[in-house]
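For reference, coords.txt is printed below; it contains compact mmCIF, C-alpha atoms and all ligand atoms.
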# COMPACT_ATOMS: atom_id res chain seq x y z
CA MET A 1 -12.48 -14.58 -4.73
CA ASP A 2 -13.08 -11.69 -2.41
CA PHE A 3 -11.32 -11.24 0.89
CA ILE A 4 -12.38 -9.34 3.96
CA PRO A 5 -9.16 -8.62 5.83
CA GLU A 6 -9.53 -8.96 9.59
CA PRO A 7 -7.38 -6.82 11.92
CA ILE A 8 -6.28 -8.34 15.24
CA PRO A 9 -5.12 -5.49 17.51
CA ILE A 10 -1.95 -6.10 19.53
CA LEU A 11 0.53 -4.07 21.56
CA GLN A 12 -0.01 -0.29 21.62
CA ASP A 13 -1.32 0.29 18.10
CA ASN A 14 -0.30 -2.66 15.86
CA TYR A 15 -2.61 -4.83 13.80
CA ILE A 16 -1.94 -8.40 12.80
CA TRP A 17 -3.91 -8.83 9.56
CA LEU A 18 -5.66 -12.10 8.85
CA LEU A 19 -7.11 -13.32 5.54
CA ARG A 20 -9.22 -16.43 5.33
CA GLN A 21 -10.31 -18.79 2.58
CA GLY A 22 -12.75 -21.33 3.95
CA GLN A 23 -11.14 -22.50 7.18
CA GLN A 24 -7.62 -21.69 6.00
CA ALA A 25 -5.96 -18.52 7.23
CA ILE A 26 -2.94 -16.41 6.39
CA ILE A 27 -1.59 -13.85 8.83
CA VAL A 28 0.86 -10.98 8.46
CA ASP A 29 3.51 -9.81 10.93
CA PRO A 30 2.75 -11.62 14.20
CA GLY A 31 4.23 -9.17 16.69
CA GLN A 32 2.67 -11.32 19.40
CA CYS A 33 1.54 -14.93 19.48
CA ASP A 34 -1.32 -15.24 21.93
CA ALA A 35 -3.90 -12.88 20.43
CA VAL A 36 -3.63 -14.40 16.96
CA HIS A 37 -3.40 -18.00 18.19
CA GLN A 38 -6.56 -17.55 20.27
CA TYR A 39 -8.29 -15.92 17.30
CA LEU A 40 -7.44 -18.88 15.05
CA LEU A 41 -8.75 -21.37 17.61
CA ALA A 42 -11.90 -19.36 18.33
CA HIS A 43 -12.76 -19.26 14.62
CA GLN A 44 -11.66 -22.86 13.99
CA LEU A 45 -9.11 -21.74 11.43
CA THR A 46 -5.98 -23.54 10.26
CA LEU A 47 -2.93 -21.37 9.81
CA CYS A 48 -1.47 -22.12 6.38
CA ALA A 49 1.02 -19.26 6.06
CA ILE A 50 2.71 -16.38 7.86
CA LEU A 51 3.91 -13.39 5.83
CA ILE A 52 6.64 -11.16 7.27
CA THR A 53 7.14 -7.63 5.90
CA HIS A 54 10.25 -6.69 7.91
CA GLN A 55 12.26 -7.67 10.95
CA HIS A 56 11.23 -5.04 13.53
CA SER A 57 10.29 -6.72 16.80
CA ASP A 58 6.68 -5.49 16.84
CA HIS A 59 6.22 -7.47 13.60
CA ILE A 60 7.99 -10.73 14.47
CA GLY A 61 7.83 -10.98 18.28
CA GLY A 62 5.31 -13.85 18.22
CA LEU A 63 6.79 -15.70 15.25
CA ALA A 64 8.83 -18.37 17.06
CA GLN A 65 6.01 -19.31 19.44
CA LEU A 66 3.45 -19.35 16.63
CA ARG A 67 5.63 -21.72 14.61
CA ASN A 68 5.60 -24.11 17.57
CA TYR A 69 1.81 -24.12 17.57
CA TRP A 70 1.55 -24.30 13.75
CA PRO A 71 4.59 -26.22 12.47
CA ASP A 72 2.98 -26.82 9.06
CA ALA A 73 2.44 -23.14 8.27
CA ALA A 74 4.74 -21.76 5.56
CA VAL A 75 6.71 -18.71 6.73
CA TYR A 76 7.70 -16.17 4.06
CA VAL A 77 10.41 -13.67 4.96
CA PRO A 78 12.44 -10.87 3.35
CA ALA A 79 16.14 -11.00 2.50
CA PRO A 80 18.63 -10.52 5.38
CA SER A 81 18.60 -7.11 7.05
CA ILE A 82 21.55 -4.72 6.70
CA GLN A 83 22.63 -5.95 10.13
CA GLY A 84 22.82 -9.41 8.52
CA VAL A 85 19.92 -10.87 10.49
CA GLN A 86 18.17 -13.58 8.48
CA LEU A 87 14.77 -14.65 9.71
CA ASP A 88 14.01 -18.34 9.70
CA GLY A 89 11.69 -19.07 6.77
CA ILE A 90 11.36 -19.08 3.00
CA GLN A 91 13.15 -16.03 1.62
CA VAL A 92 11.10 -14.36 -1.11
CA GLN A 93 11.66 -11.46 -3.47
CA ASP A 94 10.01 -8.92 -5.71
CA GLY A 95 7.79 -10.32 -8.44
CA GLN A 96 7.34 -13.76 -6.93
CA TYR A 97 3.86 -15.21 -6.58
CA LEU A 98 3.18 -17.33 -3.50
CA LEU A 99 0.65 -20.10 -3.26
CA PRO A 100 0.97 -21.82 0.11
CA ASP A 101 -0.53 -25.28 0.63
CA GLY A 102 -4.27 -24.97 1.24
CA TRP A 103 -4.51 -21.51 -0.37
CA GLN A 104 -6.08 -20.98 -3.77
CA THR A 105 -5.31 -17.42 -4.81
CA PRO A 106 -1.76 -16.24 -5.55
CA ILE A 107 -0.07 -13.60 -3.42
CA GLN A 108 2.33 -11.25 -5.18
CA VAL A 109 5.54 -10.18 -3.42
CA MET A 110 6.60 -6.53 -3.77
CA ALA A 111 9.99 -5.20 -2.63
CA VAL A 112 9.29 -1.77 -1.13
CA PRO A 113 12.50 -0.37 0.43
CA GLY A 114 12.34 2.75 2.58
CA HIS A 115 11.28 2.00 6.16
CA THR A 116 13.86 -0.79 6.02
CA LEU A 117 15.96 -1.70 2.99
CA ASN A 118 14.55 -5.23 2.79
CA HIS A 119 10.91 -4.32 3.47
CA LEU A 120 8.34 -6.41 1.58
CA ALA A 121 4.68 -5.85 0.86
CA TYR A 122 2.29 -8.62 -0.17
CA LEU A 123 -0.54 -8.18 -2.63
CA GLN A 124 -3.30 -10.73 -2.28
CA THR A 125 -4.74 -10.92 -5.77
CA GLY A 126 -8.52 -11.03 -5.84
CA ASN A 127 -11.50 -8.80 -6.29
CA PRO A 128 -10.69 -6.39 -4.78
CA PRO A 129 -6.96 -6.96 -4.28
CA VAL A 130 -5.65 -6.66 -0.72
CA LEU A 131 -2.36 -4.85 -0.05
CA LEU A 132 -0.52 -5.89 3.10
CA CYS A 133 1.97 -3.06 3.32
CA GLY A 134 3.58 -3.34 6.78
CA ASP A 135 5.18 -0.05 7.85
CA THR A 136 5.53 1.41 4.35
CA LEU A 137 2.15 3.07 3.80
CA PHE A 138 -0.19 4.21 6.57
CA SER A 139 -3.57 5.79 6.12
CA ALA A 140 -2.82 9.49 5.47
CA GLY A 141 0.88 8.85 6.14
CA CYS A 142 3.92 6.69 5.50
CA GLY A 143 6.61 4.90 7.49
CA ARG A 144 9.73 6.53 8.86
CA LEU A 145 12.94 6.13 6.87
CA PHE A 146 15.03 4.02 9.22
CA GLU A 147 17.24 2.55 6.51
CA GLY A 148 16.20 3.68 3.05
CA THR A 149 16.42 6.99 1.19
CA PRO A 150 13.56 9.35 0.32
CA LEU A 151 14.00 8.32 -3.32
CA GLN A 152 13.52 4.63 -2.46
CA MET A 153 10.49 5.30 -0.30
CA LEU A 154 8.89 7.57 -2.88
CA ALA A 155 9.35 4.88 -5.55
CA SER A 156 7.82 2.26 -3.23
CA LEU A 157 4.82 4.49 -2.54
CA GLN A 158 4.42 5.24 -6.25
CA ARG A 159 4.10 1.51 -6.91
CA PHE A 160 1.23 1.40 -4.43
CA ALA A 161 -0.32 4.51 -6.02
CA ALA A 162 -0.46 2.66 -9.36
CA LEU A 163 -2.54 -0.22 -7.94
CA PRO A 164 -6.28 -0.36 -8.71
CA ALA A 165 -8.25 2.25 -6.74
CA ASP A 166 -10.35 -0.38 -4.96
CA THR A 167 -7.26 -2.18 -3.56
CA LEU A 168 -7.76 -2.56 0.18
CA VAL A 169 -4.85 -1.18 2.20
CA CYS A 170 -3.95 -3.07 5.38
CA CYS A 171 -1.40 -1.07 7.35
CA ALA A 172 0.40 -2.46 10.38
CA HIS A 173 -0.41 0.47 12.70
CA GLU A 174 -3.43 2.53 13.70
CA TYR A 175 -1.81 5.93 13.12
CA THR A 176 -4.64 7.47 11.12
CA LEU A 177 -5.80 10.28 13.43
CA ALA A 178 -2.28 11.57 14.11
CA ASN A 179 -1.48 11.34 10.39
CA LEU A 180 -4.63 13.28 9.52
CA LYS A 181 -3.56 16.20 11.73
CA PHE A 182 -0.36 16.42 9.73
CA ALA A 183 -2.11 15.94 6.38
CA LEU A 184 -4.45 18.82 7.23
CA ALA A 185 -1.48 21.04 8.05
CA VAL A 186 -0.15 20.25 4.56
CA GLU A 187 -3.51 20.71 2.81
CA PRO A 188 -5.96 22.57 5.07
CA GLU A 189 -8.40 23.20 2.21
CA ASN A 190 -8.62 19.55 1.07
CA GLN A 191 -12.32 18.76 1.57
CA ALA A 192 -11.83 14.98 1.30
CA LEU A 193 -9.39 15.22 4.21
CA VAL A 194 -11.84 17.19 6.35
CA GLU A 195 -14.55 14.60 5.73
CA TYR A 196 -12.26 11.63 6.30
CA GLN A 197 -11.06 13.12 9.59
CA ARG A 198 -14.67 13.31 10.77
CA SER A 199 -15.40 9.67 9.92
CA ALA A 200 -12.07 8.45 11.32
CA GLU A 201 -12.70 10.27 14.63
CA ASN A 202 -16.09 8.63 14.75
CA LEU A 203 -14.63 5.16 14.24
CA ARG A 204 -11.88 5.62 16.82
CA GLY A 205 -14.35 7.13 19.27
CA ASN A 206 -16.25 3.84 19.09
CA ASP A 207 -13.03 1.81 19.27
CA PHE A 208 -13.26 0.58 15.66
CA PRO A 209 -10.20 0.41 13.36
CA THR A 210 -9.97 3.04 10.61
CA LEU A 211 -8.47 0.30 8.42
CA PRO A 212 -8.43 -1.17 5.88
CA SER A 213 -8.25 1.94 3.77
CA ASN A 214 -8.10 1.80 -0.03
CA ILE A 215 -5.82 3.23 -2.70
CA GLY A 216 -8.51 5.50 -4.17
CA LEU A 217 -9.04 7.18 -0.78
CA GLU A 218 -5.33 7.44 -0.04
CA LEU A 219 -4.74 9.17 -3.38
CA GLN A 220 -7.17 11.87 -2.21
CA ILE A 221 -5.96 12.30 1.35
CA ASN A 222 -2.39 11.02 1.78
CA PRO A 223 0.16 13.83 1.24
CA PHE A 224 2.96 11.30 0.66
CA LEU A 225 1.04 9.86 -2.32
CA ARG A 226 0.27 13.36 -3.60
CA CYS A 227 3.83 14.61 -4.09
CA THR A 228 3.40 14.39 -7.86
CA LEU A 229 0.73 17.13 -7.83
CA PRO A 230 2.16 20.39 -9.27
CA GLU A 231 -0.16 22.53 -7.11
CA LEU A 232 1.15 20.89 -3.93
CA GLN A 233 4.76 21.33 -5.07
CA GLN A 234 4.05 25.01 -5.74
CA ARG A 235 2.34 25.55 -2.43
CA TRP A 236 5.39 24.30 -0.51
CA GLN A 237 7.86 25.73 -3.01
CA GLN A 238 9.43 22.40 -3.91
CA PRO A 239 10.58 21.83 -7.51
CA ASP A 240 9.63 18.16 -7.95
CA PRO A 241 8.01 15.11 -6.30
CA LEU A 242 11.23 13.96 -4.59
CA ALA A 243 11.94 17.39 -3.09
CA LEU A 244 8.35 17.64 -1.83
CA PHE A 245 8.42 14.11 -0.41
CA THR A 246 11.74 14.77 1.38
CA PHE A 247 10.41 18.06 2.76
CA LEU A 248 7.17 16.47 4.01
CA ARG A 249 8.89 13.47 5.57
CA GLN A 250 11.31 15.71 7.48
CA TRP A 251 8.48 17.99 8.60
CA LYS A 252 6.43 14.99 9.78
CA ASN A 253 9.40 13.64 11.79
CA ASN A 254 9.22 16.76 13.95
CA PHE A 255 5.48 17.40 13.81
ZN ZN B 1 8.88 -1.20 11.47

Final structure tokens representation of the file:
Amino acid sequence: MDFIPEPIPILQDNYIWLLRQGQQAIIVDPGQCDAVHQYLLAHQLTLCAILITHQHSDHIGGLAQLRNYWPDAAVYVPAPSIQGVQLDGIQVQDGQYLLPDGWQTPIQVMAVPGHTLNHLAYLQTGNPPVLLCGDTLFSAGCGRLFEGTPLQMLASLQRFAALPADTLVCCAHEYTLANLKFALAVEPENQALVEYQRSAENLRGNDFPTLPSNIGLELQINPFLRCTLPELQQRWQQPDPLALFTFLRQWKNNF
């Protein structure tokens, strides 16, 4: 089964990702209801599941209203937040495989702490696989560390780095151009970055998403996935991947 993930733009720069199998659909992180509900109706799709990566409002703002429209859709949510907030839904955890009613291809749950401590990613198995990574990995960047440590985030990103190169990467925000400016400051001589910036500017100039990306591309252009490279550690005088990751994340916070 192959999937073509469909981004539904909402708010300032969020995407709600939609996967379909026949007339069944799964969506990820409904920060708003109307755009995705209209999209489902316009394409005559039935919503069979909602996947939630984390509890930030731009990822769950439309959840309650969407449940009213689609009471039969399964809602998969992470463990309670550190504030103790538990989202209404089926709590899932790392290593579980989900197969909602009406869906034929299992979805793997990955615990990827960092942006939040209870952040989940979902891997739609298939050919190619589709990674729904929320605010953990962005094209040419990664999420801010609101709750987790650099060590946790680095480990989460390393799990993504180990996925097959053709895995499609569906990030929850269109941050690519801003991330590329930073990535080029880290690695000005990286030719893959220079080329990707050109094509990303082209896409954005025509109002197209730069996403989905893929793991193979991110390994070439994303500095946060490249912290294991000795030459990059040397360049920024950091002794190991964790030191380089911590250094880059702090630099990016103020970039
Ligand atoms: Zn977030």

Q.
Around ligand ZN 1 (chain B), out to 8 Å and counting only C-alpha atoms and all ligand atoms, which residues are there? I want them as a VMD selection string.
A. chain A and resid 54 to 59 115 to 116 134 to 135 143

Q: Could you please give me, as JSON, numbers by chain, the residues of protein, DNA or RNA lying at most 9 Å from (-3.0, -6.8, -0.2) in the coordinate frame of the file, considering only C-alpha atoms?
A: {"A": [5, 107, 108, 121, 122, 123, 124, 125, 126, 128, 129, 130, 131, 132, 133, 167, 168, 169, 170]}

(Q) So, with all atoms listed in the file as the atoms that count, which of A:Asn253, A:Ile82, A:Leu99, A:Ala35 lies closest to Glu147 in chain A? (A) A:Ile82

Q: Could you pull out every residue with an atom within 12 Å of (-0.6, -20.9, -1.4), file coordinates, counting all atoms listed in the file, and send them as a list in words?
A: Arg20, Gln21, Gln24, Ala25, Ile26, Leu47, Cys48, Ala49, Ile50, Leu51, Ala73, Ala74, Val75, Tyr76, Tyr97, Leu98, Leu99, Pro100, Asp101, Gly102, Trp103, Gln104, Thr105, Pro106, Ile107, Gln108, Gln124 and Thr125 of chain A

Q) With all atoms listed in the file as the atoms that count, which of A:His173, A:Lys252, A:Arg226, A:Arg67 lies nearest to Ile16 in chain A? A) A:His173

Enclosing box along x, y and z for every listed atom of range 22-41 of chain A, padded 5 Å each side, centre and size in Å, one decimal, as AutoDock Vina command-line options:
--center_x -4.3 --center_y -15.8 --center_z 12.9 --size_x 27.0 --size_y 23.3 --size_z 28.0

Q: Just the residues within 6 Å of Val109 in chain A, please, counting all atoms listed in the file, with nothing from its chain fewer than 4 positions along; format it as a PyMOL selection string.
A: chain A and resi 94-96+122

Can I get the selection written as a compact mmCIF listing (two decimals), in the frame of the given file, with C-alpha atoms?
# COMPACT_ATOMS: atom_id res chain seq x y z
CA ASP A 94 10.01 -8.92 -5.71
CA GLY A 95 7.79 -10.32 -8.44
CA GLN A 96 7.34 -13.76 -6.93
CA TYR A 122 2.29 -8.62 -0.17

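In this model, the gap between CA of Glu174 in chain A and CA of Met153 in chain A comes to 19.9 Å.
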
Q. Which residue gives the smallest distance to Ala183 in chain A among A:Phe138, A:Tyr39, A:Trp70, A:Phe208, with only C-alpha atoms counted?
A. A:Phe138

Q. To one decimal place, how far is CA of Glu6 in chain A from CA of Arg144 in chain A in Å?
A.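 Here the two named atoms are 24.7 Å from each other.
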
Q: Choose the residue, out of A:Phe255, A:Pro164, A:Thr176, A:Gly141, that has the smallest atom-to-atom separation from Phe224 in chain A; count all atoms listed in the file.
A: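 Going through A:Phe255, A:Pro164, A:Thr176, A:Gly141 one by one, the smallest distance to Phe224 in chain A is for A:Gly141.
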
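Shortest atom-to-atom contact with Tyr69 in chain A among A:Arg249, A:His37, A:Lys181, A:Arg198: A:His37, counting only C-alpha atoms.
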
Q) Any idea what the distance is between CA of Pro241 in chain A and CA of Pro150 in chain A? A)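 Answer for the CA of Pro241 in chain A to CA of Pro150 in chain A separation: 10.4 Å.
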
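Residue neighbourhood of Leu120 in chain A, excluding near-sequence residues (fewer than 2 positions): Thr53, Met110, Ala111 and Val112 of chain A, at 6 Å, using only C-alpha atoms.
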